[in-house]
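Asker: One file: my_file_39.txt (compact mmCIF, C-alpha atoms).
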# COMPACT_ATOMS: atom_id res chain seq x y z
CA MET Q 283 12.61 1.57 10.04
CA VAL Q 284 11.66 -1.83 8.77
CA GLU Q 285 10.18 -3.73 11.69
CA PHE Q 286 8.24 -6.79 10.64
CA SER Q 287 6.85 -7.81 14.02
CA LEU Q 288 4.50 -5.79 16.20
CA PRO Q 289 5.65 -4.06 19.41
CA LYS Q 290 4.84 -5.83 22.68
CA ASN Q 291 1.80 -3.72 23.55
CA SER Q 292 0.30 -4.27 20.06
CA LYS Q 293 0.25 -8.06 19.89
CA VAL Q 294 -3.31 -9.17 19.27
CA THR Q 295 -4.90 -11.59 21.72
CA ASN Q 296 -8.06 -13.69 21.55
CA GLY Q 297 -11.19 -11.89 22.70
CA ILE Q 298 -14.79 -12.47 23.58
CA LYS Q 299 -17.34 -14.44 21.55
CA HIS Q 300 -20.64 -12.61 21.61
CA LYS Q 301 -23.45 -15.13 21.24
CA PRO Q 302 -26.65 -13.99 19.53
CA LYS Q 303 -29.78 -13.64 21.67
CA GLU Q 304 -31.87 -15.78 19.33
CA PRO Q 305 -30.82 -18.30 16.66
CA SER Q 306 -30.21 -16.59 13.31
CA LYS Q 307 -31.53 -17.65 9.90
CA SER Q 308 -28.38 -16.90 7.95
CA PRO Q 309 -25.58 -16.37 10.45
CA LYS Q 310 -22.36 -14.54 9.64
CA ASN Q 311 -19.41 -14.12 11.96
CA LEU Q 312 -17.54 -10.84 12.16
CA VAL Q 313 -14.14 -10.95 13.83
CA ILE Q 314 -13.28 -7.44 14.92
CA TYR Q 315 -10.11 -5.84 16.32
CA ARG Q 316 -10.82 -4.20 19.67
CA TRP Q 317 -8.64 -1.95 21.78
CA ASP Q 318 -9.78 0.28 24.59
CA PRO Q 319 -7.37 3.00 25.79
CA GLU Q 320 -8.94 2.96 29.22
CA ASP Q 321 -7.98 -0.55 30.21
CA ASN Q 322 -4.31 -1.43 30.16
CA LYS Q 323 -4.65 -4.50 28.00
CA ASN Q 324 -3.40 -5.62 24.60
CA PRO Q 325 -5.72 -5.44 21.55
CA ARG Q 326 -8.03 -8.44 21.14
CA LEU Q 327 -10.21 -10.04 18.47
CA ASP Q 328 -13.91 -10.18 19.35
CA THR Q 329 -16.34 -12.36 17.42
CA TYR Q 330 -19.90 -11.25 16.77
CA GLU Q 331 -22.57 -13.34 15.10
CA ILE Q 332 -25.19 -11.44 13.17
CA ASP Q 333 -28.27 -12.52 11.24
CA GLN Q 334 -27.80 -11.47 7.62
CA SER Q 335 -31.52 -11.80 6.93
CA LYS Q 336 -32.10 -8.93 9.38
CA CYS Q 337 -29.20 -6.77 8.24
CA GLY Q 338 -28.25 -4.55 5.30
CA PRO Q 339 -25.85 -5.95 2.69
CA MET Q 340 -22.71 -3.97 3.47
CA VAL Q 341 -20.07 -4.49 6.15
CA LEU Q 342 -20.92 -1.04 7.55
CA ASP Q 343 -24.56 -2.13 7.99
CA ALA Q 344 -23.32 -5.06 10.07
CA LEU Q 345 -21.04 -2.84 12.17
CA MET Q 346 -23.93 -0.48 12.91
CA LYS Q 347 -26.18 -3.42 13.74
CA ILE Q 348 -23.58 -4.70 16.19
CA LYS Q 349 -23.18 -1.24 17.76
CA ASN Q 350 -26.94 -0.75 18.05
CA GLU Q 351 -27.98 -4.20 19.18
CA ILE Q 352 -25.07 -6.19 20.59
CA ASP Q 353 -22.17 -4.03 21.80
CA PRO Q 354 -22.51 -0.22 22.00
CA SER Q 355 -18.83 0.10 22.97
CA LEU Q 356 -17.66 -0.85 19.45
CA THR Q 357 -15.99 2.24 17.98
CA PHE Q 358 -15.55 3.16 14.32
CA ARG Q 359 -15.79 6.22 12.07
CA ARG Q 360 -18.62 6.53 9.59
CA SER Q 361 -20.71 9.21 8.03
CA CYS Q 362 -22.14 9.14 4.52
CA ARG Q 363 -22.60 5.33 4.13
CA GLU Q 364 -22.16 5.65 0.33
CA GLY Q 365 -18.45 6.01 -0.35
CA VAL Q 366 -18.26 9.78 -0.60
CA CYS Q 367 -16.85 10.81 2.76
CA GLY Q 368 -14.02 8.29 3.22
CA SER Q 369 -14.59 7.91 6.97
CA CYS Q 370 -15.18 4.19 7.32
CA ALA Q 371 -11.82 3.07 5.87
CA MET Q 372 -10.62 -0.15 7.47
CA ASN Q 373 -8.96 -3.45 6.61
CA ILE Q 374 -11.66 -5.95 5.71
CA ASP Q 375 -10.71 -9.51 4.71
CA GLY Q 376 -7.07 -8.44 4.31
CA VAL Q 377 -7.64 -5.50 1.97
CA ASN Q 378 -8.13 -1.86 2.93
CA THR Q 379 -11.47 -0.54 1.76
CA LEU Q 380 -14.51 1.44 2.80
CA ALA Q 381 -16.88 -0.60 4.97
CA CYS Q 382 -19.86 1.06 3.28
CA LEU Q 383 -18.77 -0.13 -0.19
CA LYS Q 384 -17.74 -3.66 0.80
CA SER Q 385 -20.49 -6.21 0.41
CA MET Q 386 -20.62 -8.92 3.06
CA SER Q 387 -21.37 -11.57 0.43
CA ASP Q 388 -17.90 -10.91 -1.10
CA VAL Q 389 -16.35 -12.65 1.89
CA LYS Q 390 -16.97 -16.36 2.00
CA LYS Q 391 -15.66 -17.14 5.51
CA ASP Q 392 -15.76 -15.07 8.70
CA ILE Q 393 -15.28 -11.37 8.01
CA LYS Q 394 -12.08 -10.18 9.66
CA ILE Q 395 -11.95 -6.47 10.35
CA TYR Q 396 -8.86 -4.56 11.46
CA PRO Q 397 -8.09 -0.85 11.59
CA LEU Q 398 -5.98 0.58 8.72
CA PRO Q 399 -2.60 -1.20 8.90
CA HIS Q 400 0.53 0.15 10.61
CA MET Q 401 -1.19 3.09 12.28
CA ARG Q 402 -1.47 4.12 15.90
CA VAL Q 403 -4.90 3.06 17.15
CA VAL Q 404 -7.03 5.61 19.00
CA LYS Q 405 -9.73 3.08 19.81
CA ASP Q 406 -10.99 -0.12 18.16
CA LEU Q 407 -11.19 0.60 14.40
CA VAL Q 408 -10.23 4.28 14.67
CA PRO Q 409 -6.64 4.98 13.61
CA ASP Q 410 -4.70 8.17 14.32
CA LEU Q 411 -4.41 9.91 10.94
CA SER Q 412 -2.83 13.16 12.16
CA LYS Q 413 0.57 12.39 10.58
CA ALA Q 414 -1.06 11.69 7.22
CA TYR Q 415 -3.05 14.92 7.41
CA GLU Q 416 0.15 16.81 8.24
CA GLN Q 417 1.77 15.32 5.16
CA LEU Q 418 -1.23 16.34 3.07
CA ALA Q 419 -0.92 19.93 4.30
CA SER Q 420 2.79 19.88 3.39
CA ILE Q 421 2.02 19.61 -0.34
CA LYS Q 422 -0.25 22.69 -0.17
CA PRO Q 423 -3.49 21.14 -1.43
CA TRP Q 424 -4.97 24.40 -2.66
CA LEU Q 425 -4.78 26.57 -5.78
CA GLU Q 426 -1.72 28.80 -5.89
CA ARG Q 427 -1.32 31.71 -8.27
CA SER Q 428 1.59 34.10 -8.52
CA LYS Q 429 0.59 37.79 -8.62
CA SER Q 430 1.73 38.26 -12.22
CA GLU Q 431 -0.61 35.49 -13.33
CA THR Q 432 -3.67 37.00 -11.76
CA LYS Q 433 -5.38 39.01 -14.48
CA LYS Q 434 -6.90 42.27 -13.47
CA LYS Q 435 -9.50 44.14 -15.41
CA GLU Q 436 -10.53 47.54 -14.14
CA ASP Q 437 -9.46 46.61 -10.62
CA LYS Q 438 -11.60 43.50 -10.72
CA ILE Q 439 -9.91 40.11 -10.51
CA GLU Q 440 -10.91 38.02 -13.49
CA GLU Q 441 -12.22 34.49 -13.27
CA ASN Q 442 -9.72 31.71 -13.98
CA LYS Q 443 -11.27 29.72 -16.75
CA GLN Q 444 -10.29 26.16 -17.61
CA THR Q 445 -10.84 24.44 -20.93
CA PRO Q 446 -12.66 21.08 -20.89
CA LYS Q 447 -9.43 19.52 -22.13
CA ASP Q 448 -7.43 20.89 -19.21
CA ARG Q 449 -10.18 19.84 -16.86
CA GLU Q 450 -9.89 16.30 -18.19
CA LYS Q 451 -6.32 16.14 -16.88
CA LEU Q 452 -7.74 16.14 -13.35
CA ASP Q 453 -9.89 13.07 -13.90
CA GLY Q 454 -8.72 10.16 -11.79
CA LYS Q 455 -7.27 12.63 -9.28
CA TRP Q 456 -10.07 14.83 -7.96
CA GLU Q 457 -12.27 11.85 -7.07
CA CYS Q 458 -10.01 10.91 -4.14
CA VAL Q 459 -11.91 11.07 -0.82
CA LEU Q 460 -8.76 10.91 1.33
CA CYS Q 461 -9.68 7.73 3.14
CA PHE Q 462 -5.98 6.71 3.19
CA CYS Q 463 -6.77 3.11 2.23
CA CYS Q 464 -3.95 3.30 -0.32
CA THR Q 465 -1.37 4.94 1.92
CA THR Q 466 -1.87 2.41 4.70
CA SER Q 467 -1.69 -0.54 2.30
CA CYS Q 468 1.75 0.50 1.06
CA PRO Q 469 4.68 -1.47 2.56
CA SER Q 470 6.98 1.46 1.75
CA TYR Q 471 4.75 3.68 3.86
CA TRP Q 472 4.76 1.11 6.66
CA TRP Q 473 8.57 1.19 6.86
CA ASN Q 474 9.22 4.83 5.93
CA GLY Q 475 5.99 6.59 6.87
CA ASP Q 476 7.82 9.38 8.70
CA GLU Q 477 9.38 10.72 5.51
CA TYR Q 478 7.66 9.05 2.56
CA LEU Q 479 4.48 10.96 1.69
CA GLY Q 480 2.49 7.89 0.64
CA PRO Q 481 0.18 7.34 -2.35
CA ALA Q 482 -2.81 9.39 -1.16
CA VAL Q 483 -0.79 12.55 -0.58
CA LEU Q 484 1.23 12.08 -3.78
CA LEU Q 485 -2.02 11.63 -5.73
CA GLN Q 486 -3.14 14.96 -4.30
CA ALA Q 487 0.23 16.45 -5.26
CA ALA Q 488 -0.46 15.25 -8.82
CA ARG Q 489 -3.93 16.76 -8.66
CA TRP Q 490 -2.49 20.25 -8.03
CA VAL Q 491 0.57 19.82 -10.25
CA ASN Q 492 -1.71 19.09 -13.21
CA ASP Q 493 -4.21 21.89 -12.60
CA SER Q 494 -3.97 24.36 -15.49
CA ARG Q 495 -5.06 27.23 -13.20
CA ASP Q 496 -2.18 26.66 -10.78
CA SER Q 497 0.95 28.69 -11.56
CA GLU Q 498 3.33 26.90 -9.22
CA ARG Q 499 3.77 23.61 -11.10
CA LYS Q 500 7.60 23.78 -11.08
CA LYS Q 501 7.72 24.77 -7.43
CA ARG Q 502 5.45 21.91 -6.48
CA LEU Q 503 7.52 19.39 -8.44
CA THR Q 504 10.74 20.69 -6.85
CA ALA Q 505 9.21 20.38 -3.39
CA ILE Q 506 8.45 16.68 -3.77
CA ASN Q 507 11.64 15.80 -5.71
CA ASP Q 508 13.17 14.02 -2.73
CA SER Q 509 14.56 10.51 -2.36
CA LEU Q 510 12.36 9.87 0.67
CA LYS Q 511 9.24 11.94 0.02
CA LEU Q 512 8.63 10.57 -3.49
CA TYR Q 513 11.11 7.89 -4.50
CA ARG Q 514 10.20 5.39 -1.78
CA CYS Q 515 7.50 4.39 -4.27
CA HIS Q 516 8.66 1.16 -5.91
CA SER Q 517 5.45 0.49 -7.87
CA ILE Q 518 4.34 -2.24 -5.49
CA MET Q 519 0.78 -1.40 -6.65
CA ASN Q 520 -0.93 -2.22 -3.33
CA CYS Q 521 -2.37 1.31 -3.45
CA THR Q 522 -4.12 0.83 -6.77
CA ARG Q 523 -5.29 -2.60 -5.71
CA SER Q 524 -7.00 -1.29 -2.58
CA CYS Q 525 -8.43 2.08 -3.71
CA PRO Q 526 -12.20 1.83 -3.05
CA LYS Q 527 -12.82 4.55 -5.65
CA GLY Q 528 -10.95 2.65 -8.37
CA LEU Q 529 -8.24 5.28 -8.76
CA ASN Q 530 -4.62 4.57 -9.70
CA PRO Q 531 -2.21 6.40 -7.36
CA ALA Q 532 0.79 4.37 -8.59
CA LYS Q 533 0.24 5.61 -12.14
CA GLU Q 534 -0.06 9.22 -10.97
CA ILE Q 535 3.15 8.88 -8.97
CA ALA Q 536 4.87 7.56 -12.12
CA GLY Q 537 3.54 10.66 -13.88
CA LEU Q 538 5.08 12.91 -11.22
CA LYS Q 539 8.46 11.17 -11.54
CA LYS Q 540 8.30 11.57 -15.31
CA ALA Q 541 7.39 15.26 -15.05
CA ILE Q 542 10.34 15.84 -12.71
CA VAL Q 543 12.76 14.21 -15.17
CA THR Q 544 11.44 16.00 -18.23
CA GLU Q 545 10.59 19.44 -16.85
CA LEU Q 546 12.95 20.31 -13.99
CA MET F 258 -9.71 13.71 32.92
CA GLU F 259 -6.21 14.56 34.14
CA ARG F 260 -3.73 15.65 31.48
CA GLU F 261 -1.32 12.97 32.62
CA GLU F 262 -3.93 10.29 32.28
CA ILE F 263 -4.71 11.39 28.71
CA ASN F 264 -1.01 11.43 27.81
CA ASN F 265 -0.65 7.98 29.23
CA MET F 266 -3.48 6.75 27.03
CA THR F 267 -2.21 8.32 23.80
CA ASP F 268 1.39 7.21 24.40
CA ASN F 269 0.31 3.62 24.79
CA ARG F 270 -1.56 3.48 21.52
CA PRO F 271 -0.88 0.12 19.87
CA LEU F 272 0.35 -0.19 16.31
CA SER F 273 -2.31 -1.82 14.15
CA PRO F 274 -1.26 -5.12 12.56
CA HIS F 275 0.13 -4.82 9.02
CA LEU F 276 2.20 -7.50 7.26
CA SER F 277 0.55 -10.32 9.20
CA ILE F 278 -3.02 -9.38 8.25
CA HIS F 279 -2.73 -7.77 4.81
CA LYS F 280 -3.61 -9.96 1.85
CA ARG F 281 -0.66 -11.09 -0.27
CA VAL F 282 -1.15 -9.02 -3.39
CA LEU F 283 0.52 -10.61 -6.42
CA THR F 284 1.97 -7.31 -7.64
CA ALA F 285 3.60 -6.81 -4.24
CA VAL F 286 5.03 -10.33 -4.35
CA PHE F 287 6.55 -9.55 -7.76
CA SER F 288 8.06 -6.41 -6.29
CA ILE F 289 9.62 -8.04 -3.24
CA PHE F 290 11.11 -10.82 -5.40
CA HIS F 291 12.73 -8.17 -7.57
CA ARG F 292 14.56 -6.95 -4.50
CA ILE F 293 15.36 -10.43 -3.19
CA SER F 294 16.70 -11.51 -6.61
CA GLY F 295 18.77 -8.32 -6.71
CA ILE F 296 20.40 -9.09 -3.36
CA GLY F 297 20.82 -12.74 -4.38
CA LEU F 298 22.54 -11.75 -7.61
CA SER F 299 25.02 -9.50 -5.80
CA VAL F 300 26.02 -12.31 -3.46
CA GLY F 301 25.82 -14.90 -6.26
CA SER F 302 28.09 -12.99 -8.62
CA LEU F 303 30.75 -12.96 -5.91
CA LEU F 304 30.52 -16.74 -5.52
CA ILE F 305 30.58 -17.25 -9.28
CA SER F 306 33.70 -15.12 -9.60
CA ILE F 307 35.40 -17.35 -7.03
CA TRP F 308 34.32 -20.35 -9.07
CA PHE F 309 35.80 -18.88 -12.26
CA PHE F 310 38.86 -17.76 -10.38
CA LEU F 311 39.60 -21.39 -9.56
CA ILE F 312 39.98 -22.23 -13.28
CA SER F 313 42.37 -19.41 -13.87
CA SER F 314 44.44 -20.32 -10.82
CA GLY F 315 46.18 -23.25 -12.49
CA PRO F 316 46.07 -27.03 -12.43
CA GLN F 317 46.49 -27.50 -8.67
CA PHE F 318 43.18 -25.68 -8.12
CA TYR F 319 41.34 -27.41 -10.95
CA VAL F 320 40.61 -30.35 -8.66
CA TYR F 321 38.59 -28.04 -6.42
CA PHE F 322 36.84 -26.57 -9.43
CA GLU F 323 35.76 -30.02 -10.54
CA LEU F 324 34.77 -31.00 -7.03
CA ILE F 325 32.53 -27.97 -6.67
CA SER F 326 31.09 -28.23 -10.16
CA LYS F 327 29.93 -31.79 -9.62
CA ASN F 328 28.28 -30.97 -6.30
CA ILE F 329 24.49 -31.18 -6.53
CA LEU F 330 24.09 -28.35 -4.01
CA PHE F 331 26.24 -26.10 -6.20
CA LYS F 332 24.11 -26.96 -9.23
CA LEU F 333 21.00 -26.06 -7.28
CA VAL F 334 22.47 -22.70 -6.28
CA LEU F 335 23.46 -22.11 -9.89
CA LEU F 336 19.90 -22.92 -11.02
CA ILE F 337 18.44 -20.44 -8.54
CA TRP F 338 21.01 -17.91 -9.68
CA THR F 339 19.90 -18.39 -13.29
CA ILE F 340 16.27 -17.91 -12.33
CA GLY F 341 17.25 -14.80 -10.37
CA ILE F 342 19.20 -13.30 -13.25
CA PHE F 343 16.37 -13.75 -15.76
CA TYR F 344 13.69 -12.62 -13.33
CA HIS F 345 15.63 -9.51 -12.41
CA LEU F 346 16.33 -8.77 -16.08
CA PHE F 347 12.74 -9.10 -17.31
CA ASN F 348 11.17 -7.44 -14.28
CA GLY F 349 13.76 -4.68 -14.62
CA CYS F 350 12.52 -4.07 -18.19
CA ARG F 351 9.00 -3.87 -16.80
CA LYS F 352 10.06 -1.27 -14.24
CA LEU F 353 11.89 0.61 -16.96
CA TYR F 354 8.83 1.14 -19.13
CA TRP F 355 6.78 2.00 -16.07
CA SER F 356 9.14 4.95 -15.69
CA PHE F 357 7.66 6.25 -18.92
CA GLY F 358 4.22 5.95 -17.37
CA ILE F 359 3.27 3.10 -19.71
CA GLY F 360 1.37 -0.05 -18.73
CA MET F 361 0.45 1.09 -15.24
CA GLU F 362 -3.20 0.06 -15.31
CA LEU F 363 -3.82 -2.71 -12.80
CA SER F 364 -4.85 -5.28 -15.44
CA GLN F 365 -1.74 -4.51 -17.51
CA VAL F 366 0.49 -4.81 -14.45
CA TYR F 367 -0.91 -8.26 -13.70
CA ARG F 368 -0.54 -9.34 -17.34
CA SER F 369 3.06 -8.12 -17.64
CA GLY F 370 3.81 -9.88 -14.36
CA TYR F 371 2.70 -13.19 -15.83
CA VAL F 372 4.74 -12.49 -18.98
CA VAL F 373 7.84 -11.91 -16.84
CA LEU F 374 7.21 -15.18 -15.02
CA PHE F 375 6.73 -17.05 -18.32
CA LEU F 376 9.86 -15.57 -19.90
CA THR F 377 11.89 -16.36 -16.79
CA ILE F 378 10.86 -20.01 -16.85
CA ILE F 379 11.42 -20.37 -20.61
CA SER F 380 14.82 -18.69 -20.53
CA THR F 381 16.00 -20.67 -17.53
CA LEU F 382 14.94 -23.94 -19.13
CA GLY F 383 16.59 -22.85 -22.40
CA VAL F 384 19.89 -22.07 -20.73
CA TRP F 385 19.95 -25.33 -18.79
CA TYR F 386 18.96 -27.33 -21.85
CA PHE F 387 21.55 -25.88 -24.21
CA VAL F 388 24.45 -25.25 -21.83
So, in terms of structure tokens, how does the structure I just supplied come out?

Answerer:
Amino acid sequence: MVEFSLPKNSKVTNGIKHKPKEPSKSPKNLVIYRWDPEDNKNPRLDTYEIDQSKCGPMVLDALMKIKNEIDPSLTFRRSCREGVCGSCAMNIDGVNTLACLKSMSDVKKDIKIYPLPHMRVVKDLVPDLSKAYEQLASIKPWLERSKSETKKKEDKIEENKQTPKDREKLDGKWECVLCFCCTTSCPSYWWNGDEYLGPAVLLQAARWVNDSRDSERKKRLTAINDSLKLYRCHSIMNCTRSCPKGLNPAKEIAGLKKAIVTEL
Amino acid sequence: MEREEINNMTDNRPLSPHLSIHKRVLTAVFSIFHRISGIGLSVGSLLISIWFFLISSGPQFYVYFELISKNILFKLVLLIWTIGIFYHLFNGCRKLYWSFGIGMELSQVYRSGYVVLFLTIISTLGVWYFV
């Protein structure tokens, strides 16, 4: 359902300004969305001032500095700090990205940080991704081979080899780290997230549809050929714009639509 | 912690802000205007048919036709309608070739967006200059 305004319990209020203990050489303000499930209050925006001369260059460095030195209650996901794990996805300066890949110097004014848009918030910057993971599981993100395709040689199952050319077809698809920056930037997903699979999951669908070793291409295409699951994509391109890995989900979705028309 | 207490916490989870905090991406603006112009054209074509219908309804209705046609507000609506028709046409072409999987790189999408905008302005000016 299209609902432009936020529900009553989600309206964001003004929060606390955390003053630094000592004056900073090059100050930078971070305005961060806070919500604690344990107190019955609405989300709020807290402001933290950090000294950039004593902090790493990325937004994630600043978040960790705040957690370590100013406010240990600040909650966010992070792991690899180099854009491989996809944990620290959040909305920074209006665009979804990974905090570990976003340089603080890219933002001229105060850095505004929200959780991924239009998601249920578990705490602070941690969104509930269980629905998105369910949708990912629904497209069977693993290699499927029918029995007749599996070659047997003297009772031993033979290796499935792939030519470099076939392997190339997976470029731009396998690199996805499933951070769901794209999915949660998509207005179609905001309004129809219950049924529409969203760019991240459809990109994964394309990854398995185009794998030469997979024998269920037709079955996969049939499964997603649905007015809600796939065709809520209107090429708004927010997904491609926000992908921190520089991938193009919108293009891959167009490829899926084309394959359905030409092959099914 | 009590089960009930946990349920209470998860049920009350707020929805994170979306439209109000997300940056206006130009490609998304192009997309929403395609839809708005589509809706506008549907309503507009109805109004325009009424306008034409007045001419065909004979001399006693021609007075109304003239009255409406000279109205500045009507001219403004007609101008917006012209912009809408050209925008929807050119952007529709763009969407059509996207269906073939062509021109979907981000830089190309931006460029074709500007081309659509340019063509819309030129065509609208052309129509209003010559007609």

Asker: Could you name the residues that touch segment 301-316 of chain Q at 7 Å or less, counting all atoms listed in the file, but leaving out those on the same chain fewer than 5 positions away, as a ChimeraX atom specification?

Answerer: /Q:325-335,392-396,406-407

Asker: Give me, as a PDB file with C-alpha atoms, keeping the file's coordinate frame, the contact residues of chain F against chain Q at a cut-off of 12 Å, counting all atoms listed in the file.

Answerer:
ATOM      1  CA  MET F 258      -9.710  13.710  32.920  1.00  0.00           C
ATOM      2  CA  GLU F 262      -3.930  10.290  32.280  1.00  0.00           C
ATOM      3  CA  ILE F 263      -4.710  11.390  28.710  1.00  0.00           C
ATOM      4  CA  ASN F 264      -1.010  11.430  27.810  1.00  0.00           C
ATOM      5  CA  ASN F 265      -0.650   7.980  29.230  1.00  0.00           C
ATOM      6  CA  MET F 266      -3.480   6.750  27.030  1.00  0.00           C
ATOM      7  CA  THR F 267      -2.210   8.320  23.800  1.00  0.00           C
ATOM      8  CA  ASP F 268       1.390   7.210  24.400  1.00  0.00           C
ATOM      9  CA  ASN F 269       0.310   3.620  24.790  1.00  0.00           C
ATOM     10  CA  ARG F 270      -1.560   3.480  21.520  1.00  0.00           C
ATOM     11  CA  PRO F 271      -0.880   0.120  19.870  1.00  0.00           C
ATOM     12  CA  LEU F 272       0.350  -0.190  16.310  1.00  0.00           C
ATOM     13  CA  SER F 273      -2.310  -1.820  14.150  1.00  0.00           C
ATOM     14  CA  PRO F 274      -1.260  -5.120  12.560  1.00  0.00           C
ATOM     15  CA  HIS F 275       0.130  -4.820   9.020  1.00  0.00           C
ATOM     16  CA  LEU F 276       2.200  -7.500   7.260  1.00  0.00           C
ATOM     17  CA  SER F 277       0.550 -10.320   9.200  1.00  0.00           C
ATOM     18  CA  ILE F 278      -3.020  -9.380   8.250  1.00  0.00           C
ATOM     19  CA  HIS F 279      -2.730  -7.770   4.810  1.00  0.00           C
ATOM     20  CA  LYS F 280      -3.610  -9.960   1.850  1.00  0.00           C
ATOM     21  CA  ARG F 281      -0.660 -11.090  -0.270  1.00  0.00           C
ATOM     22  CA  VAL F 282      -1.150  -9.020  -3.390  1.00  0.00           C
ATOM     23  CA  LEU F 283       0.520 -10.610  -6.420  1.00  0.00           C
ATOM     24  CA  THR F 284       1.970  -7.310  -7.640  1.00  0.00           C
ATOM     25  CA  ALA F 285       3.600  -6.810  -4.240  1.00  0.00           C
ATOM     26  CA  VAL F 286       5.030 -10.330  -4.350  1.00  0.00           C
ATOM     27  CA  PHE F 287       6.550  -9.550  -7.760  1.00  0.00           C
ATOM     28  CA  SER F 288       8.060  -6.410  -6.290  1.00  0.00           C
ATOM     29  CA  ILE F 289       9.620  -8.040  -3.240  1.00  0.00           C
ATOM     30  CA  PHE F 290      11.110 -10.820  -5.400  1.00  0.00           C
ATOM     31  CA  HIS F 291      12.730  -8.170  -7.570  1.00  0.00           C
ATOM     32  CA  ARG F 292      14.560  -6.950  -4.500  1.00  0.00           C
ATOM     33  CA  ASN F 348      11.170  -7.440 -14.280  1.00  0.00           C
ATOM     34  CA  GLY F 349      13.760  -4.680 -14.620  1.00  0.00           C
ATOM     35  CA  ARG F 351       9.000  -3.870 -16.800  1.00  0.00           C
ATOM     36  CA  LYS F 352      10.060  -1.270 -14.240  1.00  0.00           C
ATOM     37  CA  LEU F 353      11.890   0.610 -16.960  1.00  0.00           C
ATOM     38  CA  TYR F 354       8.830   1.140 -19.130  1.00  0.00           C
ATOM     39  CA  TRP F 355       6.780   2.000 -16.070  1.00  0.00           C
ATOM     40  CA  SER F 356       9.140   4.950 -15.690  1.00  0.00           C
ATOM     41  CA  PHE F 357       7.660   6.250 -18.920  1.00  0.00           C
ATOM     42  CA  GLY F 358       4.220   5.950 -17.370  1.00  0.00           C
ATOM     43  CA  ILE F 359       3.270   3.100 -19.710  1.00  0.00           C
ATOM     44  CA  GLY F 360       1.370  -0.050 -18.730  1.00  0.00           C
ATOM     45  CA  MET F 361       0.450   1.090 -15.240  1.00  0.00           C
ATOM     46  CA  GLU F 362      -3.200   0.060 -15.310  1.00  0.00           C
ATOM     47  CA  LEU F 363      -3.820  -2.710 -12.800  1.00  0.00           C
ATOM     48  CA  SER F 364      -4.850  -5.280 -15.440  1.00  0.00           C
ATOM     49  CA  GLN F 365      -1.740  -4.510 -17.510  1.00  0.00           C
ATOM     50  CA  VAL F 366       0.490  -4.810 -14.450  1.00  0.00           C
ATOM     51  CA  TYR F 367      -0.910  -8.260 -13.700  1.00  0.00           C
ATOM     52  CA  GLY F 370       3.810  -9.880 -14.360  1.00  0.00           C
TER      53      GLY F 370
END

Asker: What does the structure give for the distance between atom CA of Thr381 of chain F and atom CA of Thr339 of chain F, in Å to one decimal?

Answerer: 6.2 Å

Asker: Have a look at atom CA of Leu484 of chain Q and atom CA of Cys458 of chain Q and let me know their distance in Å, one decimal.

Answerer: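 Between these atoms lies a distance of 11.3 Å.
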
Asker: Residues within 10 Å of segment 487-494 of chain Q, please, as JSON, numbers by chain. Count only C-alpha atoms; anything in the same chain fewer than 5 positions from it doesn't count.

Answerer: {"Q": [418, 420, 421, 422, 423, 424, 425, 426, 442, 443, 444, 445, 447, 448, 449, 450, 451, 452, 453, 454, 455, 456, 457, 458, 479, 481, 482, 499, 500, 501, 502, 503, 505, 506, 531, 534, 535, 536, 537, 538, 541]}

Asker: If you measure from atom CA of Leu324 of chain F to atom CA of Ile337 of chain F, what distance in Å do you get, rounded to one decimal?

Answerer: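 Atom CA of Ile337 of chain F lies at a distance of 19.5 Å from atom CA of Leu324 of chain F.
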
Asker: Need to verify the contact set: Trp338 of chain F, 10 Å, all atoms listed in the file, exclusion of same-chain residues closer than 4 positions in sequence. Can you return it as a ChimeraX atom specification?

Answerer: /F:294,297-298,300-302,305,332-334,342-344,381

Asker: For those residues, write C-alpha atoms to a file as a compact mmCIF listing (two decimals), in the frame of the given file.

Answerer:
# COMPACT_ATOMS: atom_id res chain seq x y z
CA SER F 294 16.70 -11.51 -6.61
CA GLY F 297 20.82 -12.74 -4.38
CA LEU F 298 22.54 -11.75 -7.61
CA VAL F 300 26.02 -12.31 -3.46
CA GLY F 301 25.82 -14.90 -6.26
CA SER F 302 28.09 -12.99 -8.62
CA ILE F 305 30.58 -17.25 -9.28
CA LYS F 332 24.11 -26.96 -9.23
CA LEU F 333 21.00 -26.06 -7.28
CA VAL F 334 22.47 -22.70 -6.28
CA ILE F 342 19.20 -13.30 -13.25
CA PHE F 343 16.37 -13.75 -15.76
CA TYR F 344 13.69 -12.62 -13.33
CA THR F 381 16.00 -20.67 -17.53

Asker: When you count all atoms listed in the file, which of these residues is closest to Ile307 of chain F: F:Ile325, F:Val320, F:Ile293, F:Val373?

Answerer: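 Nearest candidate to Ile307 of chain F out of F:Ile325, F:Val320, F:Ile293, F:Val373: F:Ile325.
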
Asker: Name the closest residue to Asp508 of chain Q among the candidates Q:Glu477, Q:Lys527, Q:Ser412, Q:Cys521; distances are taken between atoms, counting all atoms listed in the file.

Answerer: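 Comparing Q:Glu477, Q:Lys527, Q:Ser412, Q:Cys521 against Asp508 of chain Q, the winner is Q:Glu477.
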
Asker: Which residues are close to Ile312 of chain F, i.e. within 9 Å by all atoms listed in the file, leaving aside same-chain residues fewer than 6 positions away? Reply as a PyMOL selection string.

Answerer: chain F and resi 318-319+322

Asker: How big is the axis-aligned box, and where does its centre sit, when it encloses all atoms of segment 348-364 of chain F listed in the file and has 6 Å added on every side, reported in Å to one decimal as lines of an AutoDock Vina configuration file?

Answerer:
center_x = 4.5
center_y = -0.6
center_z = -16.3
size_x = 30.6
size_y = 25.7
size_z = 18.9
